[in-house]
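Trainee: I have a structure I would like to understand better, so I am pasting it below and will then ask my questions one at a time.
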Amino acid sequence: MAIHTSADTPFGRVLTAMVTPFTADGGLDLDGAARLATYLVDHGNDGLVINGTTGESPTTTDDEKERLLRAVVEAVGERATIVAGVGTSDTRHSIELAHSAEKAGAHGLLVVTPYYSKPPQAGLLAHFGQIADATGLPNMLYDIPGRTGTPIETETLVRLAAHDKIVAVKDAKGDLDASAWVMHRSDLAFYSGDDKLTLPLLAVGGVGVVGVPTHLFGLETASMLAAYVRGDVAAALAMHRQLLPVFTGFFRTQGVIMTKAALKLAGLPAGPVRPPLVDATPEQIEQLRRDAADAGAAW
């Protein structure tokens, strides 16, 4: 696996939460997925998250998830860390998906907090621990309470860090103070799950990003991280400010909708979204063009 990982950056530095390309009739586009994954790895990404929510995992079947993962591993698995999203609100189902992902060749797992059911912290400890026990793969927890309804509390994260397979957090909590305390008290590697907070998270100890605008701004994001790591904070800040328009633009409506619209504008595989999502309107697409132009891209 020719990828740049270490104990500090177990999944690399720049990962994209990859969309799942569909055909015009809504079927799985495996050729498009392989082409898109190759493009992403050629343009600044040293890791990809497959079958996450940006990959429309709530509307893909378990079989589709496995076939998609196999296609991406075959296309770029020797050049990038391939992380499979396996988190659901059902611990047993998540374990089944984890087993499937390991067999399909994934290098790691992304496990989101169970959503809607709002389990107590004791439930989160058991849920994440059982999934981590189920395979030999390293796990990245996904803490996004704005969507799941439940934060992974600081003390819970510190306790989970004692598990040898739980090595990282995709942090979309938006609480830098809490994140800093977890990093101070554990060895968990923190990846920004909110693109606009990547640079601030680096300042308190973060190591990278699992991004969405990185579909088309991976090189710029990689440059920002590289500048920060080598100590050129001014250059990192300049790149952060250049990217501000797309940090907004990709999320003016639901992120998958705008990302697929952007990929289509750039001539890359995407296809439609699946219901209950709806494709971007002409007005939204024109605004996206303006946002991209403000960040230096012309589509």
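Letters A, B, ... go to the chains of the structure tokens in the order shown; residues in each chain start at 1; ligands are counted from 1 in the same order.
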Excluding Val111 (chain A) and any residue of its chain fewer than 6 positions from it, enumerate the residues within 6 Å of it, using only C-alpha atoms, and give them as a PyMOL selection string.

Mentor: chain A and resi 86-87+141-142

Trainee: DSSP on the backbone: what in region 109-177 of chain A comes out strand (DSSP E), as JSON, numbers by chain?

Mentor: {"A": [109, 110, 111, 112, 139, 140, 141, 142, 143, 166, 167, 168, 169, 170, 171]}

Trainee: Would you mind exporting the chosen residues as a PDB file, in the first residue's frame, restricted to C-alpha atoms?

Mentor:
```
ATOM      1  CA  LEU A 109     -13.468   1.916   8.537  1.00  0.00           C
ATOM      2  CA  LEU A 110     -15.415   5.120   9.147  1.00  0.00           C
ATOM      3  CA  VAL A 111     -18.078   4.642  11.826  1.00  0.00           C
ATOM      4  CA  VAL A 112     -20.614   7.411  12.341  1.00  0.00           C
ATOM      5  CA  ASN A 139     -11.398   2.658  12.800  1.00  0.00           C
ATOM      6  CA  MET A 140     -12.124   6.361  12.412  1.00  0.00           C
ATOM      7  CA  LEU A 141     -15.075   7.558  14.479  1.00  0.00           C
ATOM      8  CA  TYR A 142     -17.347  10.168  12.908  1.00  0.00           C
ATOM      9  CA  ASP A 143     -18.626  12.743  15.388  1.00  0.00           C
ATOM     10  CA  ILE A 166      -9.881   3.081  17.254  1.00  0.00           C
ATOM     11  CA  VAL A 167      -7.215   5.459  16.015  1.00  0.00           C
ATOM     12  CA  ALA A 168      -8.890   8.582  14.627  1.00  0.00           C
ATOM     13  CA  VAL A 169     -11.894  10.902  14.641  1.00  0.00           C
ATOM     14  CA  LYS A 170     -13.609  12.675  11.784  1.00  0.00           C
ATOM     15  CA  ASP A 171     -14.518  15.762  13.759  1.00  0.00           C
TER      16      ASP A 171
END
```

Trainee: With only C-alpha atoms as the basis for distance, which of A:Gly136, A:Leu125, A:Arg79, A:Ser179 is at the shortest distance from His99 (chain A)?

Mentor: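 Of the candidates, the smallest distance to His99 (chain A) is held by A:Gly136.
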
Trainee: If I take CA of Ala80 (chain A) and CA of Ala106 (chain A), how far is one from the other in Å, to one decimal?

Mentor: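 One can read the CA of Ala80 (chain A) to CA of Ala106 (chain A) distance as 10.5 Å.
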
Trainee: Excluding region 216-233 of chain A and residues on its chain fewer than 2 positions from it, collect all residues at most 9 Å away from it, counting only C-alpha atoms, and give them as a PDB file with N, CA, C and O atoms, in the first residue's frame.

Mentor:
```
ATOM      1  N   ARG A  13      -3.399  12.479   4.905  1.00  0.00           N
ATOM      2  CA  ARG A  13      -3.763  13.842   5.330  1.00  0.00           C
ATOM      3  C   ARG A  13      -4.999  14.385   4.626  1.00  0.00           C
ATOM      4  O   ARG A  13      -5.854  15.004   5.248  1.00  0.00           O
ATOM      5  N   VAL A  14      -5.090  14.177   3.313  1.00  0.00           N
ATOM      6  CA  VAL A  14      -6.223  14.717   2.554  1.00  0.00           C
ATOM      7  C   VAL A  14      -7.055  13.561   2.022  1.00  0.00           C
ATOM      8  O   VAL A  14      -6.611  12.808   1.160  1.00  0.00           O
ATOM      9  N   LEU A  15      -8.245  13.422   2.572  1.00  0.00           N
ATOM     10  CA  LEU A  15      -9.181  12.398   2.120  1.00  0.00           C
ATOM     11  C   LEU A  15     -10.451  13.077   1.620  1.00  0.00           C
ATOM     12  O   LEU A  15     -10.873  14.097   2.180  1.00  0.00           O
ATOM     13  N   THR A  16     -11.028  12.516   0.580  1.00  0.00           N
ATOM     14  CA  THR A  16     -12.320  13.000   0.098  1.00  0.00           C
ATOM     15  C   THR A  16     -13.397  11.992   0.441  1.00  0.00           C
ATOM     16  O   THR A  16     -13.224  10.788   0.236  1.00  0.00           O
ATOM     17  N   LEU A  40      -9.311  11.723  -8.255  1.00  0.00           N
ATOM     18  CA  LEU A  40      -9.091  12.277  -6.922  1.00  0.00           C
ATOM     19  C   LEU A  40      -7.684  11.973  -6.413  1.00  0.00           C
ATOM     20  O   LEU A  40      -7.016  12.854  -5.841  1.00  0.00           O
ATOM     21  N   VAL A  41      -7.228  10.761  -6.620  1.00  0.00           N
ATOM     22  CA  VAL A  41      -5.890  10.397  -6.155  1.00  0.00           C
ATOM     23  C   VAL A  41      -4.820  11.115  -6.974  1.00  0.00           C
ATOM     24  O   VAL A  41      -3.751  11.450  -6.451  1.00  0.00           O
ATOM     25  N   HIS A  43      -5.137  14.093  -7.967  1.00  0.00           N
ATOM     26  CA  HIS A  43      -5.289  15.522  -7.694  1.00  0.00           C
ATOM     27  C   HIS A  43      -5.356  15.805  -6.195  1.00  0.00           C
ATOM     28  O   HIS A  43      -6.294  16.433  -5.696  1.00  0.00           O
ATOM     29  N   GLY A  44      -4.338  15.340  -5.479  1.00  0.00           N
ATOM     30  CA  GLY A  44      -4.118  15.813  -4.125  1.00  0.00           C
ATOM     31  C   GLY A  44      -4.597  14.938  -2.997  1.00  0.00           C
ATOM     32  O   GLY A  44      -4.270  15.199  -1.831  1.00  0.00           O
ATOM     33  N   ASN A  45      -5.385  13.896  -3.284  1.00  0.00           N
ATOM     34  CA  ASN A  45      -5.921  13.051  -2.219  1.00  0.00           C
ATOM     35  C   ASN A  45      -5.038  11.837  -1.980  1.00  0.00           C
ATOM     36  O   ASN A  45      -4.679  11.130  -2.924  1.00  0.00           O
ATOM     37  N   THR A 198     -10.851  23.232   8.841  1.00  0.00           N
ATOM     38  CA  THR A 198      -9.633  22.424   8.738  1.00  0.00           C
ATOM     39  C   THR A 198      -8.424  23.160   9.292  1.00  0.00           C
ATOM     40  O   THR A 198      -7.673  22.615  10.117  1.00  0.00           O
ATOM     41  N   LEU A 199      -8.213  24.381   8.856  1.00  0.00           N
ATOM     42  CA  LEU A 199      -7.038  25.125   9.335  1.00  0.00           C
ATOM     43  C   LEU A 199      -7.124  25.400  10.839  1.00  0.00           C
ATOM     44  O   LEU A 199      -6.130  25.165  11.558  1.00  0.00           O
ATOM     45  N   LEU A 202      -6.170  22.247  12.650  1.00  0.00           N
ATOM     46  CA  LEU A 202      -4.723  22.002  12.605  1.00  0.00           C
ATOM     47  C   LEU A 202      -4.026  22.772  13.722  1.00  0.00           C
ATOM     48  O   LEU A 202      -3.084  22.263  14.343  1.00  0.00           O
ATOM     49  N   ALA A 203      -4.498  23.979  13.993  1.00  0.00           N
ATOM     50  CA  ALA A 203      -3.839  24.827  14.985  1.00  0.00           C
ATOM     51  C   ALA A 203      -3.913  24.258  16.391  1.00  0.00           C
ATOM     52  O   ALA A 203      -3.077  24.589  17.232  1.00  0.00           O
ATOM     53  N   VAL A 207      -4.747  16.705  12.192  1.00  0.00           N
ATOM     54  CA  VAL A 207      -3.732  16.177  11.266  1.00  0.00           C
ATOM     55  C   VAL A 207      -4.165  16.214   9.812  1.00  0.00           C
ATOM     56  O   VAL A 207      -3.335  16.031   8.913  1.00  0.00           O
ATOM     57  N   GLY A 208      -5.446  16.417   9.530  1.00  0.00           N
ATOM     58  CA  GLY A 208      -5.878  16.357   8.136  1.00  0.00           C
ATOM     59  C   GLY A 208      -7.357  16.646   8.001  1.00  0.00           C
ATOM     60  O   GLY A 208      -7.990  17.203   8.895  1.00  0.00           O
ATOM     61  N   VAL A 209      -7.914  16.231   6.852  1.00  0.00           N
ATOM     62  CA  VAL A 209      -9.304  16.534   6.539  1.00  0.00           C
ATOM     63  C   VAL A 209      -9.927  15.366   5.793  1.00  0.00           C
ATOM     64  O   VAL A 209      -9.265  14.683   5.012  1.00  0.00           O
ATOM     65  N   GLY A 211     -12.768  15.684   3.370  1.00  0.00           N
ATOM     66  CA  GLY A 211     -13.441  16.826   2.791  1.00  0.00           C
ATOM     67  C   GLY A 211     -14.465  16.492   1.729  1.00  0.00           C
ATOM     68  O   GLY A 211     -14.610  15.349   1.292  1.00  0.00           O
ATOM     69  N   VAL A 212     -15.158  17.544   1.295  1.00  0.00           N
ATOM     70  CA  VAL A 212     -16.125  17.456   0.214  1.00  0.00           C
ATOM     71  C   VAL A 212     -15.717  18.346  -0.959  1.00  0.00           C
ATOM     72  O   VAL A 212     -15.600  17.861  -2.088  1.00  0.00           O
ATOM     73  N   PRO A 213     -15.427  19.649  -0.758  1.00  0.00           N
ATOM     74  CA  PRO A 213     -14.872  20.435  -1.860  1.00  0.00           C
ATOM     75  C   PRO A 213     -13.557  19.860  -2.399  1.00  0.00           C
ATOM     76  O   PRO A 213     -13.143  20.189  -3.518  1.00  0.00           O
ATOM     77  N   THR A 214     -12.923  18.990  -1.622  1.00  0.00           N
ATOM     78  CA  THR A 214     -11.699  18.333  -2.075  1.00  0.00           C
ATOM     79  C   THR A 214     -11.918  17.477  -3.318  1.00  0.00           C
ATOM     80  O   THR A 214     -10.955  17.055  -3.956  1.00  0.00           O
ATOM     81  N   ALA A 235       1.185  31.159   4.411  1.00  0.00           N
ATOM     82  CA  ALA A 235       0.773  30.533   3.153  1.00  0.00           C
ATOM     83  C   ALA A 235      -0.467  29.675   3.354  1.00  0.00           C
ATOM     84  O   ALA A 235      -1.371  29.648   2.515  1.00  0.00           O
ATOM     85  N   ALA A 236      -0.534  28.958   4.467  1.00  0.00           N
ATOM     86  CA  ALA A 236      -1.714  28.150   4.764  1.00  0.00           C
ATOM     87  C   ALA A 236      -2.952  29.027   4.910  1.00  0.00           C
ATOM     88  O   ALA A 236      -4.030  28.696   4.402  1.00  0.00           O
ATOM     89  N   LEU A 237      -2.793  30.162   5.577  1.00  0.00           N
ATOM     90  CA  LEU A 237      -3.908  31.076   5.763  1.00  0.00           C
ATOM     91  C   LEU A 237      -4.357  31.660   4.428  1.00  0.00           C
ATOM     92  O   LEU A 237      -5.566  31.799   4.170  1.00  0.00           O
ATOM     93  N   ALA A 238      -3.421  31.984   3.571  1.00  0.00           N
ATOM     94  CA  ALA A 238      -3.777  32.523   2.259  1.00  0.00           C
ATOM     95  C   ALA A 238      -4.589  31.507   1.461  1.00  0.00           C
ATOM     96  O   ALA A 238      -5.586  31.853   0.803  1.00  0.00           O
ATOM     97  N   MET A 239      -4.194  30.230   1.510  1.00  0.00           N
ATOM     98  CA  MET A 239      -4.940  29.205   0.787  1.00  0.00           C
ATOM     99  C   MET A 239      -6.313  28.991   1.416  1.00  0.00           C
ATOM    100  O   MET A 239      -7.309  28.815   0.710  1.00  0.00           O
ATOM    101  N   HIS A 240      -6.389  29.004   2.738  1.00  0.00           N
ATOM    102  CA  HIS A 240      -7.675  28.902   3.427  1.00  0.00           C
ATOM    103  C   HIS A 240      -8.620  30.005   2.954  1.00  0.00           C
ATOM    104  O   HIS A 240      -9.798  29.746   2.641  1.00  0.00           O
ATOM    105  N   LEU A 243      -9.994  29.489  -0.495  1.00  0.00           N
ATOM    106  CA  LEU A 243     -10.997  28.430  -0.582  1.00  0.00           C
ATOM    107  C   LEU A 243     -12.315  28.771   0.110  1.00  0.00           C
ATOM    108  O   LEU A 243     -13.288  28.027  -0.024  1.00  0.00           O
ATOM    109  N   VAL A 246     -15.699  28.270  -1.793  1.00  0.00           N
ATOM    110  CA  VAL A 246     -16.224  26.922  -2.029  1.00  0.00           C
ATOM    111  C   VAL A 246     -16.592  26.234  -0.723  1.00  0.00           C
ATOM    112  O   VAL A 246     -17.436  25.333  -0.709  1.00  0.00           O
ATOM    113  N   THR A 259     -22.109  18.913  -4.802  1.00  0.00           N
ATOM    114  CA  THR A 259     -20.878  18.254  -5.243  1.00  0.00           C
ATOM    115  C   THR A 259     -21.095  17.565  -6.578  1.00  0.00           C
ATOM    116  O   THR A 259     -20.252  17.657  -7.490  1.00  0.00           O
ATOM    117  N   ALA A 262     -21.136  20.174  -9.211  1.00  0.00           N
ATOM    118  CA  ALA A 262     -19.789  20.660  -9.506  1.00  0.00           C
ATOM    119  C   ALA A 262     -19.028  19.659 -10.374  1.00  0.00           C
ATOM    120  O   ALA A 262     -18.327  20.045 -11.319  1.00  0.00           O
ATOM    121  N   LEU A 263     -19.142  18.382 -10.049  1.00  0.00           N
ATOM    122  CA  LEU A 263     -18.449  17.366 -10.843  1.00  0.00           C
ATOM    123  C   LEU A 263     -18.946  17.354 -12.283  1.00  0.00           C
ATOM    124  O   LEU A 263     -18.161  17.209 -13.234  1.00  0.00           O
ATOM    125  N   ALA A 266     -17.416  20.113 -14.156  1.00  0.00           N
ATOM    126  CA  ALA A 266     -16.001  19.848 -14.423  1.00  0.00           C
ATOM    127  C   ALA A 266     -15.795  18.671 -15.367  1.00  0.00           C
ATOM    128  O   ALA A 266     -14.653  18.308 -15.667  1.00  0.00           O
ATOM    129  N   ALA A 297     -11.366  28.762  -9.785  1.00  0.00           N
ATOM    130  CA  ALA A 297     -11.657  27.682 -10.728  1.00  0.00           C
ATOM    131  C   ALA A 297     -12.650  28.184 -11.777  1.00  0.00           C
ATOM    132  O   ALA A 297     -13.522  29.001 -11.496  1.00  0.00           O
TER     133      ALA A 297
END
```

Trainee: Between CA of Gly123 (chain A) and CA of Pro138 (chain A), what distance in Å does the model show, to one decimal?

Mentor: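 The value is 20.4 Å.
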
Trainee: Write down as a ChimeraX atom specification the residues belonging to region 53-157 of chain A that are assigned alpha helix (DSSP H) by DSSP computed on the backbone.

Mentor: /A:62-76,91-104,121-134,145-148,154-157

Trainee: Which of these, A:Leu288, A:Pro21, A:Ser89, A:Gly267, has the shortest distance to Gly149 (chain A) once you count only C-alpha atoms?

Mentor: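 Counting only C-alpha atoms, the residue closest to Gly149 (chain A) is A:Ser89.
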
Trainee: Please list as a ChimeraX atom specification every residue within 12 Å of Gly26 (chain A), counting only C-alpha atoms and excluding residues in the same chain fewer than 2 positions away.

Mentor: /A:20-24,28-29,56,59-60,270-275

Trainee: Name the closest residue to Asp31 (chain A) among the candidates A:Phe250, A:Glu153, A:Leu201, A:Leu268; distances are taken between atoms, counting only C-alpha atoms.

Mentor: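 Ranked by minimum distance to Asp31 (chain A), first place goes to A:Leu268.
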
Trainee: Find the residue from A:Lys196, A:Arg159, A:Lys264, A:Arg185 that sits nearest to Leu36 (chain A); use only C-alpha atoms when measuring.

Mentor: A:Lys264

Trainee: What's the 9 Å shell around Arg252 (chain A), counting only C-alpha atoms, without same-chain residues fewer than 4 positions away, as a list in words?

Mentor: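 In the requested format, the answer is Thr248, Met258, Gln284 and Leu288 of chain A.
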
Trainee: Write out as a list of chain:residue names which residues come within 8 Å of Leu30 (chain A) when counting only C-alpha atoms, dropping same-chain ones fewer than 2 positions away.

Mentor: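 Once the nearby chain positions are removed, what remains is A:Pro21, A:Leu28, A:Gly32, A:Ala33, A:Ala34, A:Arg67, A:Leu68, A:Ala71.
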
Trainee: Near Trp181 (chain A), within 10 Å and counting only C-alpha atoms, which residues show up once chain neighbours fewer than 3 positions away are dropped, as number ranges by chain?

Mentor: A: 154-155, 158, 176-178, 184-186, 204
